[in-house]
file input_37.txt (compact mmCIF, C-alpha atoms)
# COMPACT_ATOMS: atom_id res chain seq x y z
CA MET N 2 -15.25 -5.10 12.33
CA HIS N 3 -15.18 -4.41 8.58
CA PRO N 4 -12.68 -6.67 6.77
CA VAL N 5 -10.94 -3.73 5.06
CA ARG N 6 -10.51 -1.93 8.36
CA SER N 7 -9.21 -5.12 9.95
CA ALA N 8 -6.76 -5.63 7.09
CA PHE N 9 -5.43 -2.07 7.38
CA HIS N 10 -5.06 -2.41 11.15
CA ASP N 11 -3.36 -5.80 10.97
CA GLU N 12 -0.92 -4.94 8.19
CA CYS N 13 0.06 -1.59 9.72
CA ASP N 14 0.47 -3.15 13.16
CA ARG N 15 2.70 -5.87 11.71
CA LEU N 16 4.82 -3.37 9.75
CA GLY N 17 5.15 -1.17 12.82
CA ALA N 18 6.50 -4.11 14.82
CA VAL N 19 9.09 -4.78 12.11
CA LEU N 20 10.14 -1.14 11.96
CA ARG N 21 10.86 -1.12 15.67
CA THR N 22 13.60 -3.71 15.06
CA LEU N 23 15.51 -1.63 12.48
CA ASP N 24 18.74 0.26 13.03
CA ARG N 25 20.38 3.15 11.21
CA SER N 26 22.14 1.01 8.61
CA ASP N 27 18.83 -0.64 7.65
CA LEU N 28 17.38 2.73 6.64
CA ASP N 29 20.15 3.24 4.08
CA ARG N 30 19.58 -0.05 2.25
CA PRO N 31 18.51 0.18 -1.40
CA THR N 32 15.10 -1.15 -2.41
CA GLY N 33 13.63 -2.54 -5.60
CA CYS N 34 11.62 0.71 -5.87
CA THR N 35 14.49 2.60 -7.50
CA PRO N 36 15.85 5.12 -6.50
CA TRP N 37 14.35 4.82 -3.03
CA THR N 38 16.22 3.59 0.02
CA VAL N 39 14.36 1.89 2.87
CA ALA N 40 14.02 5.31 4.52
CA ASP N 41 12.51 6.79 1.34
CA LEU N 42 10.09 3.91 0.85
CA LEU N 43 9.08 4.07 4.49
CA ALA N 44 8.36 7.79 4.10
CA HIS N 45 6.13 7.03 1.11
CA VAL N 46 4.25 4.32 3.01
CA ARG N 47 3.89 6.51 6.09
CA THR N 48 2.46 9.39 4.05
CA GLY N 49 0.02 7.07 2.29
CA ALA N 50 -1.12 5.44 5.52
CA GLY N 51 -1.81 8.79 7.12
CA ARG N 52 -3.43 10.56 4.18
CA LEU N 53 -7.05 9.64 4.93
CA ALA N 54 -7.18 11.58 8.21
CA ASP N 55 -6.65 14.89 6.39
CA MET N 56 -9.08 13.90 3.64
CA LEU N 57 -11.80 13.28 6.21
CA ALA N 58 -11.24 16.73 7.72
CA THR N 59 -12.50 18.40 4.51
CA THR N 60 -16.02 18.77 3.17
CA VAL N 61 -17.81 15.96 1.34
CA PRO N 62 -17.06 16.39 -2.40
CA GLY N 63 -20.28 14.80 -3.69
CA PRO N 64 -21.11 11.23 -4.72
CA ALA N 65 -18.40 8.59 -5.10
CA ARG N 66 -17.36 7.97 -8.71
CA VAL N 67 -14.27 5.78 -8.34
CA ASP N 68 -13.68 2.47 -6.56
CA ALA N 69 -10.37 0.98 -5.43
CA ALA N 70 -9.75 -0.78 -8.77
CA GLY N 71 -10.42 2.43 -10.68
CA TYR N 72 -8.08 4.36 -8.40
CA PHE N 73 -5.07 2.43 -9.73
CA GLY N 74 -5.40 3.78 -13.25
CA ALA N 75 -2.81 4.84 -15.78
CA ALA N 76 -2.98 8.52 -14.77
CA LYS N 77 -1.43 7.69 -11.38
CA PHE N 78 1.69 6.38 -13.12
CA LEU N 79 2.44 9.08 -15.69
CA PRO N 80 6.12 10.13 -15.70
CA GLN N 81 5.50 13.47 -13.97
CA VAL N 82 3.28 11.91 -11.30
CA ASP N 83 5.93 9.25 -10.69
CA ALA N 84 8.66 11.88 -10.49
CA ASP N 85 6.65 13.92 -7.98
CA ARG N 86 5.97 10.80 -5.91
CA ILE N 87 9.66 9.89 -5.83
CA GLU N 88 10.86 13.35 -4.89
CA SER N 89 8.15 13.82 -2.26
CA ALA N 90 9.15 10.61 -0.48
CA ARG N 91 12.84 11.49 -0.54
CA SER N 92 12.16 14.96 0.86
CA GLU N 93 9.90 13.52 3.55
CA ALA N 94 12.53 10.92 4.49
CA THR N 95 15.16 13.64 4.87
CA ARG N 96 12.82 15.73 7.01
CA HIS N 97 12.08 12.85 9.39
CA ARG N 98 15.56 11.31 9.47
CA SER N 99 16.87 12.79 12.73
CA GLN N 100 13.57 12.18 14.51
CA GLU N 101 13.47 8.55 13.40
CA LEU N 102 17.02 7.92 14.51
CA ALA N 103 16.19 9.34 17.94
CA ALA N 104 12.71 7.87 18.51
CA GLY N 105 12.86 4.79 16.26
CA PRO N 106 11.81 4.25 12.62
CA GLY N 107 8.31 3.06 13.51
CA THR N 108 7.27 5.96 15.73
CA ASP N 109 5.89 8.31 13.05
CA PHE N 110 4.38 5.44 11.08
CA ASP N 111 2.47 4.20 14.13
CA ARG N 112 1.17 7.69 14.79
CA ALA N 113 0.07 8.11 11.15
CA TRP N 114 -1.91 4.90 10.76
CA ARG N 115 -3.50 5.06 14.19
CA THR N 116 -4.63 8.64 13.50
CA THR N 117 -6.14 7.42 10.24
CA LEU N 118 -8.09 4.63 11.95
CA ALA N 119 -9.38 7.03 14.61
CA ALA N 120 -10.66 9.31 11.83
CA VAL N 121 -12.20 6.39 9.94
CA ASP N 122 -14.01 5.19 13.05
CA ALA N 123 -15.53 8.65 13.51
CA HIS N 124 -17.28 8.57 10.12
CA PRO N 125 -19.70 6.28 8.26
CA ALA N 126 -18.07 3.73 5.94
CA ASP N 127 -19.84 5.31 2.95
CA ARG N 128 -18.56 8.82 3.73
CA VAL N 129 -17.06 10.24 0.50
CA VAL N 130 -13.60 11.83 0.34
CA ARG N 131 -11.60 13.35 -2.49
CA THR N 132 -8.14 11.96 -3.20
CA ARG N 133 -5.16 14.12 -4.09
CA HIS N 134 -5.71 13.01 -7.70
CA GLY N 135 -9.27 14.37 -7.60
CA ASP N 136 -11.10 11.05 -7.30
CA PRO N 137 -14.27 11.05 -5.14
CA MET N 138 -14.28 7.71 -3.27
CA THR N 139 -15.93 6.21 -0.22
CA VAL N 140 -13.81 5.85 2.89
CA THR N 141 -13.93 2.06 2.59
CA GLU N 142 -12.74 2.04 -1.02
CA PHE N 143 -9.90 4.47 -0.32
CA LEU N 144 -8.90 2.48 2.76
CA ARG N 145 -8.75 -0.57 0.47
CA THR N 146 -6.09 1.22 -1.59
CA ARG N 147 -4.15 1.87 1.61
CA VAL N 148 -4.13 -1.85 2.38
CA VAL N 149 -2.59 -2.39 -1.05
CA GLU N 150 0.04 0.31 -0.48
CA VAL N 151 1.11 -0.94 2.94
CA GLY N 152 0.92 -4.63 2.03
CA VAL N 153 2.65 -4.54 -1.35
CA HIS N 154 5.35 -2.11 -0.25
CA GLY N 155 5.78 -4.29 2.81
CA LEU N 156 6.94 -6.99 0.39
CA ASP N 157 9.45 -4.50 -1.05
CA LEU N 158 10.69 -3.61 2.42
CA ALA N 159 11.02 -7.27 3.41
CA GLU N 160 13.12 -7.96 0.33
CA ALA N 161 15.34 -4.93 0.96
CA LEU N 162 15.84 -5.99 4.59
CA ASP N 163 16.55 -9.64 3.69
CA ARG N 164 13.59 -10.82 5.77
CA PRO N 165 10.76 -13.23 4.99
CA PRO N 166 7.57 -11.48 3.82
CA TRP N 167 5.28 -10.61 6.73
CA LEU N 168 2.07 -10.02 4.76
CA THR N 169 -0.87 -10.67 7.08
CA PRO N 170 -3.72 -13.02 6.08
CA THR N 171 -6.35 -10.27 6.33
CA ALA N 172 -4.40 -7.89 4.09
CA ALA N 173 -3.52 -10.68 1.64
CA ARG N 174 -7.21 -11.49 1.25
CA VAL N 175 -8.22 -7.87 0.56
CA ILE N 176 -5.39 -7.33 -1.92
CA ALA N 177 -5.95 -10.64 -3.73
CA ASP N 178 -9.69 -9.99 -4.10
CA LEU N 179 -8.97 -6.56 -5.56
CA LEU N 180 -6.40 -7.90 -8.02
CA THR N 181 -8.69 -10.65 -9.31
CA GLY N 182 -11.97 -8.78 -9.08
CA GLY N 183 -13.07 -11.48 -6.63
CA GLN N 184 -12.80 -14.26 -9.23
CA PRO N 185 -11.34 -17.61 -8.17
CA LEU N 186 -8.01 -18.52 -9.75
CA PRO N 187 -7.65 -21.67 -11.87
CA ALA N 188 -6.72 -24.49 -9.51
CA ASP N 189 -3.91 -25.72 -11.76
CA LEU N 190 -1.98 -22.49 -11.23
CA GLY N 191 -1.28 -23.55 -7.65
CA TRP N 192 -0.86 -19.95 -6.49
CA ASP N 193 -1.41 -18.94 -2.90
CA ARG N 194 -2.34 -15.31 -2.21
CA LEU N 195 1.26 -14.19 -1.69
CA THR N 196 2.28 -15.67 -5.05
CA LEU N 197 -0.71 -14.05 -6.74
CA ILE N 198 0.18 -10.64 -5.31
CA ARG N 199 3.82 -10.96 -6.30
CA LYS N 200 2.96 -11.97 -9.86
CA ALA N 201 0.14 -9.48 -10.35
CA THR N 202 2.23 -6.53 -9.16
CA GLY N 203 5.39 -7.41 -11.08
CA ARG N 204 7.38 -8.53 -8.02
CA SER N 205 7.69 -11.97 -9.66
CA PRO N 206 7.42 -12.75 -13.40
CA ARG N 207 4.45 -14.59 -14.91
CA SER N 208 5.26 -17.38 -17.33
CA ARG N 209 3.52 -17.70 -20.69
CA ALA N 210 1.74 -20.82 -19.40
CA GLU N 211 0.51 -18.96 -16.33
CA GLN N 212 -0.80 -16.10 -18.43
CA ASP N 213 -2.50 -18.55 -20.78
CA ALA N 214 -4.24 -20.18 -17.79
CA LEU N 215 -5.50 -16.79 -16.62
CA ASP N 216 -6.70 -15.89 -20.12
CA ALA N 217 -8.49 -19.23 -20.51
CA ALA N 218 -10.32 -18.58 -17.22
CA GLY N 219 -11.25 -15.06 -18.33
CA ILE N 220 -9.30 -13.46 -15.50
CA ARG N 221 -7.62 -10.14 -16.15
CA LEU N 222 -5.50 -9.25 -13.16
CA LEU N 223 -5.58 -5.63 -12.11
CA ALA N 224 -2.37 -4.05 -13.40
CA PHE N 225 -1.22 -0.91 -11.64
CA GLY N 226 -0.92 1.76 -14.28
CA GLY N 227 -2.39 -0.48 -16.96
call {"tool": "encode", "arguments": {"input": "input_37.txt", "output": "structure tokens"}}
result
Amino acid sequence: MHPVRSAFHDECDRLGAVLRTLDRSDLDRPTGCTPWTVADLLAHVRTGAGRLADMLATTVPGPARVDAAGYFGAAKFLPQVDADRIESARSEATRHRSQELAAGPGTDFDRAWRTTLAAVDAHPADRVVRTRHGDPMTVTEFLRTRVVEVGVHGLDLAEALDRPPWLTPTAARVIADLLTGGQPLPADLGWDRLTLIRKATGRSPRSRAEQDALDAAGIRLLAFGG
């Protein structure tokens, strides 16, 4: 089994198990992804996890030109793109609210990611798809971005729900390798993968000494929107 596929499966399966333990009040909690509530953030994650199935249903757009690192470029974080992303998630959360309260918060998410994996398994790993931003990418590289979305936003959800982070080892490995470009971190930093992901994505601050250690090692962490 390809490590990126395994990571997507494991992280989605873990998140789905957590979602099945939530109640109505949990969905209304605020998150660090302002102005989203847990319900809004869940809608965003659910949409992202399910997006690849529709992409694979369209024609091949030509050769791949963007990898997972290139996907997280500054254009994805322009003010208008951010505003559209925020409003889309809030609208989606409102649309699914009654269904989630009846069937459980994890029901639609489970359906979305399992549909994505079924579509992925029906195509070669180097099949090219076009993202909603117009990027032609291989299935594997786009699936790598989905691991980032589910894993990193899982940290946001855990914080909002006052629970320990549930990031899976397979997802942590994929995300960490993407953030560092596969380079080993300086040993004196003492970071595990969870710490690296928190600090690279702005969930935890980096000290001047930590940044100096990264610079001395020639490591430029991937910065979303940078």
call {"tool": "closest_residue", "arguments": {"input": "input_37.txt", "among": "N:Gly33, N:Gly152, N:Pro185, N:Gly203", "to": "Gly49 of chain N", "atoms": "all atoms listed in the file"}}
result
N:Gly152
call {"tool": "closest_residue", "arguments": {"input": "input_37.txt", "among": "N:Leu186, N:Leu53, N:Val46, N:Val67", "to": "Phe110 of chain N", "atoms": "all atoms listed in the file"}}
result
N:Val46
call {"tool": "atom_distance", "arguments": {"input": "input_37.txt", "atom1": "atom CA of Arg25 of chain N", "atom2": "atom CA of Thr48 of chain N"}}
result
20.3 Å
call {"tool": "closest_residue", "arguments": {"input": "input_37.txt", "among": "N:Leu222, N:Ala161, N:Ala177, N:Ala123", "to": "Val149 of chain N", "atoms": "all atoms listed in the file"}}
result
N:Ala177
call {"tool": "residues_around", "arguments": {"input": "input_37.txt", "residues": "segment 128-145 of chain N", "least_positions_apart": "6", "cutoff": "8 Å", "atoms": "only C-alpha atoms", "output": "compact mmCIF listing (two decimals) with C-alpha atoms, in the frame of the given file"}}
result
# COMPACT_ATOMS: atom_id res chain seq x y z
CA VAL N 5 -10.94 -3.73 5.06
CA ARG N 6 -10.51 -1.93 8.36
CA PHE N 9 -5.43 -2.07 7.38
CA LEU N 53 -7.05 9.64 4.93
CA MET N 56 -9.08 13.90 3.64
CA LEU N 57 -11.80 13.28 6.21
CA THR N 59 -12.50 18.40 4.51
CA THR N 60 -16.02 18.77 3.17
CA VAL N 61 -17.81 15.96 1.34
CA PRO N 62 -17.06 16.39 -2.40
CA GLY N 63 -20.28 14.80 -3.69
CA PRO N 64 -21.11 11.23 -4.72
CA ALA N 65 -18.40 8.59 -5.10
CA ARG N 66 -17.36 7.97 -8.71
CA VAL N 67 -14.27 5.78 -8.34
CA ASP N 68 -13.68 2.47 -6.56
CA ALA N 69 -10.37 0.98 -5.43
CA TYR N 72 -8.08 4.36 -8.40
CA LYS N 77 -1.43 7.69 -11.38
CA VAL N 121 -12.20 6.39 9.94
CA VAL N 175 -8.22 -7.87 0.56
CA ILE N 176 -5.39 -7.33 -1.92
call {"tool": "atom_distance", "arguments": {"input": "input_37.txt", "atom1": "atom CA of Trp192 of chain N", "atom2": "atom CA of Val19 of chain N"}}
result
26.0 Å
call {"tool": "atom_distance", "arguments": {"input": "input_37.txt", "atom1": "atom CA of Arg194 of chain N", "atom2": "atom CA of Arg112 of chain N"}}
result
28.8 Å
call {"tool": "residues_around", "arguments": {"input": "input_37.txt", "residues": "Ala172 of chain N", "least_positions_apart": "4", "cutoff": "12 Å", "atoms": "all atoms listed in the file", "output": "ChimeraX atom specification"}}
result
/N:4-16,144-153,155-156,167-168,176-179,194-195,198
call {"tool": "closest_residue", "arguments": {"input": "input_37.txt", "among": "N:Gly17, N:Leu162, N:Asp41, N:Asp29", "to": "Arg115 of chain N", "atoms": "only C-alpha atoms"}}
result
N:Gly17
call {"tool": "residues_near_point", "arguments": {"input": "input_37.txt", "point": "(6.0, 3.3, 12.2)", "cutoff": "8 Å", "atoms": "all atoms listed in the file", "output": "ChimeraX atom specification"}}
result
/N:16-18,20-21,47,106-113
call {"tool": "write_last_selection", "arguments": {"input": "input_37.txt", "atoms": "C-alpha atoms", "output": "PDB file, in the coordinates of the input"}}
result
ATOM      1  CA  LEU N  16       4.820  -3.370   9.750  1.00  0.00           C
ATOM      2  CA  GLY N  17       5.150  -1.170  12.820  1.00  0.00           C
ATOM      3  CA  ALA N  18       6.500  -4.110  14.820  1.00  0.00           C
ATOM      4  CA  LEU N  20      10.140  -1.140  11.960  1.00  0.00           C
ATOM      5  CA  ARG N  21      10.860  -1.120  15.670  1.00  0.00           C
ATOM      6  CA  ARG N  47       3.890   6.510   6.090  1.00  0.00           C
ATOM      7  CA  PRO N 106      11.810   4.250  12.620  1.00  0.00           C
ATOM      8  CA  GLY N 107       8.310   3.060  13.510  1.00  0.00           C
ATOM      9  CA  THR N 108       7.270   5.960  15.730  1.00  0.00           C
ATOM     10  CA  ASP N 109       5.890   8.310  13.050  1.00  0.00           C
ATOM     11  CA  PHE N 110       4.380   5.440  11.080  1.00  0.00           C
ATOM     12  CA  ASP N 111       2.470   4.200  14.130  1.00  0.00           C
ATOM     13  CA  ARG N 112       1.170   7.690  14.790  1.00  0.00           C
ATOM     14  CA  ALA N 113       0.070   8.110  11.150  1.00  0.00           C
TER      15      ALA N 113
END
call {"tool": "closest_residue", "arguments": {"input": "input_37.txt", "among": "N:His124, N:Leu158, N:Ala50, N:Ala70", "to": "Trp37 of chain N", "atoms": "only C-alpha atoms"}}
result
N:Leu158
call {"tool": "closest_residue", "arguments": {"input": "input_37.txt", "among": "N:Leu215, N:His154, N:Thr22, N:Ser205", "to": "Ala44 of chain N", "atoms": "only C-alpha atoms"}}
result
N:His154
call {"tool": "build_atoms", "arguments": {"input": "input_37.txt", "residues": "segment 154-172 of chain N", "atoms": "N, CA, C and O atoms", "output": "PDB file, in the frame of the given file"}}
result
ATOM      1  N   HIS N 154       4.050  -2.699  -0.574  1.00  0.00           N
ATOM      2  CA  HIS N 154       5.350  -2.110  -0.250  1.00  0.00           C
ATOM      3  C   HIS N 154       6.009  -2.803   0.936  1.00  0.00           C
ATOM      4  O   HIS N 154       7.231  -2.753   1.092  1.00  0.00           O
ATOM      5  N   GLY N 155       5.197  -3.462   1.764  1.00  0.00           N
ATOM      6  CA  GLY N 155       5.780  -4.290   2.810  1.00  0.00           C
ATOM      7  C   GLY N 155       6.612  -5.422   2.219  1.00  0.00           C
ATOM      8  O   GLY N 155       7.655  -5.798   2.768  1.00  0.00           O
ATOM      9  N   LEU N 156       6.153  -5.971   1.086  1.00  0.00           N
ATOM     10  CA  LEU N 156       6.940  -6.990   0.390  1.00  0.00           C
ATOM     11  C   LEU N 156       8.266  -6.407  -0.093  1.00  0.00           C
ATOM     12  O   LEU N 156       9.314  -7.058  -0.024  1.00  0.00           O
ATOM     13  N   ASP N 157       8.225  -5.162  -0.593  1.00  0.00           N
ATOM     14  CA  ASP N 157       9.450  -4.500  -1.050  1.00  0.00           C
ATOM     15  C   ASP N 157      10.405  -4.256   0.116  1.00  0.00           C
ATOM     16  O   ASP N 157      11.620  -4.434  -0.019  1.00  0.00           O
ATOM     17  N   LEU N 158       9.855  -3.852   1.243  1.00  0.00           N
ATOM     18  CA  LEU N 158      10.690  -3.610   2.420  1.00  0.00           C
ATOM     19  C   LEU N 158      11.297  -4.916   2.928  1.00  0.00           C
ATOM     20  O   LEU N 158      12.471  -4.956   3.298  1.00  0.00           O
ATOM     21  N   ALA N 159      10.506  -5.979   2.945  1.00  0.00           N
ATOM     22  CA  ALA N 159      11.020  -7.270   3.410  1.00  0.00           C
ATOM     23  C   ALA N 159      12.189  -7.731   2.539  1.00  0.00           C
ATOM     24  O   ALA N 159      13.209  -8.217   3.037  1.00  0.00           O
ATOM     25  N   GLU N 160      12.041  -7.561   1.228  1.00  0.00           N
ATOM     26  CA  GLU N 160      13.120  -7.960   0.330  1.00  0.00           C
ATOM     27  C   GLU N 160      14.376  -7.117   0.572  1.00  0.00           C
ATOM     28  O   GLU N 160      15.491  -7.643   0.622  1.00  0.00           O
ATOM     29  N   ALA N 161      14.194  -5.811   0.736  1.00  0.00           N
ATOM     30  CA  ALA N 161      15.340  -4.930   0.960  1.00  0.00           C
ATOM     31  C   ALA N 161      16.041  -5.240   2.281  1.00  0.00           C
ATOM     32  O   ALA N 161      17.258  -5.075   2.402  1.00  0.00           O
ATOM     33  N   LEU N 162      15.283  -5.706   3.266  1.00  0.00           N
ATOM     34  CA  LEU N 162      15.840  -5.990   4.590  1.00  0.00           C
ATOM     35  C   LEU N 162      16.296  -7.443   4.741  1.00  0.00           C
ATOM     36  O   LEU N 162      16.735  -7.834   5.828  1.00  0.00           O
ATOM     37  N   ASP N 163      16.170  -8.217   3.652  1.00  0.00           N
ATOM     38  CA  ASP N 163      16.550  -9.640   3.690  1.00  0.00           C
ATOM     39  C   ASP N 163      15.769 -10.410   4.750  1.00  0.00           C
ATOM     40  O   ASP N 163      16.324 -11.223   5.494  1.00  0.00           O
ATOM     41  N   ARG N 164      14.456 -10.131   4.810  1.00  0.00           N
ATOM     42  CA  ARG N 164      13.590 -10.820   5.770  1.00  0.00           C
ATOM     43  C   ARG N 164      12.469 -11.536   5.014  1.00  0.00           C
ATOM     44  O   ARG N 164      12.086 -11.126   3.915  1.00  0.00           O
ATOM     45  N   PRO N 165      11.911 -12.581   5.616  1.00  0.00           N
ATOM     46  CA  PRO N 165      10.760 -13.230   4.990  1.00  0.00           C
ATOM     47  C   PRO N 165       9.588 -12.257   4.915  1.00  0.00           C
ATOM     48  O   PRO N 165       9.452 -11.371   5.777  1.00  0.00           O
ATOM     49  N   PRO N 166       8.730 -12.372   3.906  1.00  0.00           N
ATOM     50  CA  PRO N 166       7.570 -11.480   3.820  1.00  0.00           C
ATOM     51  C   PRO N 166       6.662 -11.655   5.032  1.00  0.00           C
ATOM     52  O   PRO N 166       6.464 -12.774   5.502  1.00  0.00           O
ATOM     53  N   TRP N 167       6.129 -10.552   5.527  1.00  0.00           N
ATOM     54  CA  TRP N 167       5.280 -10.610   6.730  1.00  0.00           C
ATOM     55  C   TRP N 167       3.818 -10.271   6.419  1.00  0.00           C
ATOM     56  O   TRP N 167       3.040  -9.964   7.314  1.00  0.00           O
ATOM     57  N   LEU N 168       3.436 -10.355   5.156  1.00  0.00           N
ATOM     58  CA  LEU N 168       2.070 -10.020   4.760  1.00  0.00           C
ATOM     59  C   LEU N 168       1.056 -10.775   5.608  1.00  0.00           C
ATOM     60  O   LEU N 168       1.125 -12.002   5.721  1.00  0.00           O
ATOM     61  N   THR N 169       0.110 -10.046   6.199  1.00  0.00           N
ATOM     62  CA  THR N 169      -0.870 -10.670   7.080  1.00  0.00           C
ATOM     63  C   THR N 169      -1.998 -11.316   6.270  1.00  0.00           C
ATOM     64  O   THR N 169      -2.300 -10.882   5.150  1.00  0.00           O
ATOM     65  N   PRO N 170      -2.631 -12.348   6.813  1.00  0.00           N
ATOM     66  CA  PRO N 170      -3.720 -13.020   6.080  1.00  0.00           C
ATOM     67  C   PRO N 170      -4.870 -12.075   5.720  1.00  0.00           C
ATOM     68  O   PRO N 170      -5.440 -12.187   4.627  1.00  0.00           O
ATOM     69  N   THR N 171      -5.230 -11.169   6.623  1.00  0.00           N
ATOM     70  CA  THR N 171      -6.350 -10.270   6.330  1.00  0.00           C
ATOM     71  C   THR N 171      -6.023  -9.325   5.185  1.00  0.00           C
ATOM     72  O   THR N 171      -6.850  -9.077   4.306  1.00  0.00           O
ATOM     73  N   ALA N 172      -4.796  -8.787   5.172  1.00  0.00           N
ATOM     74  CA  ALA N 172      -4.400  -7.890   4.090  1.00  0.00           C
ATOM     75  C   ALA N 172      -4.258  -8.664   2.783  1.00  0.00           C
ATOM     76  O   ALA N 172      -4.669  -8.188   1.712  1.00  0.00           O
TER      77      ALA N 172
END
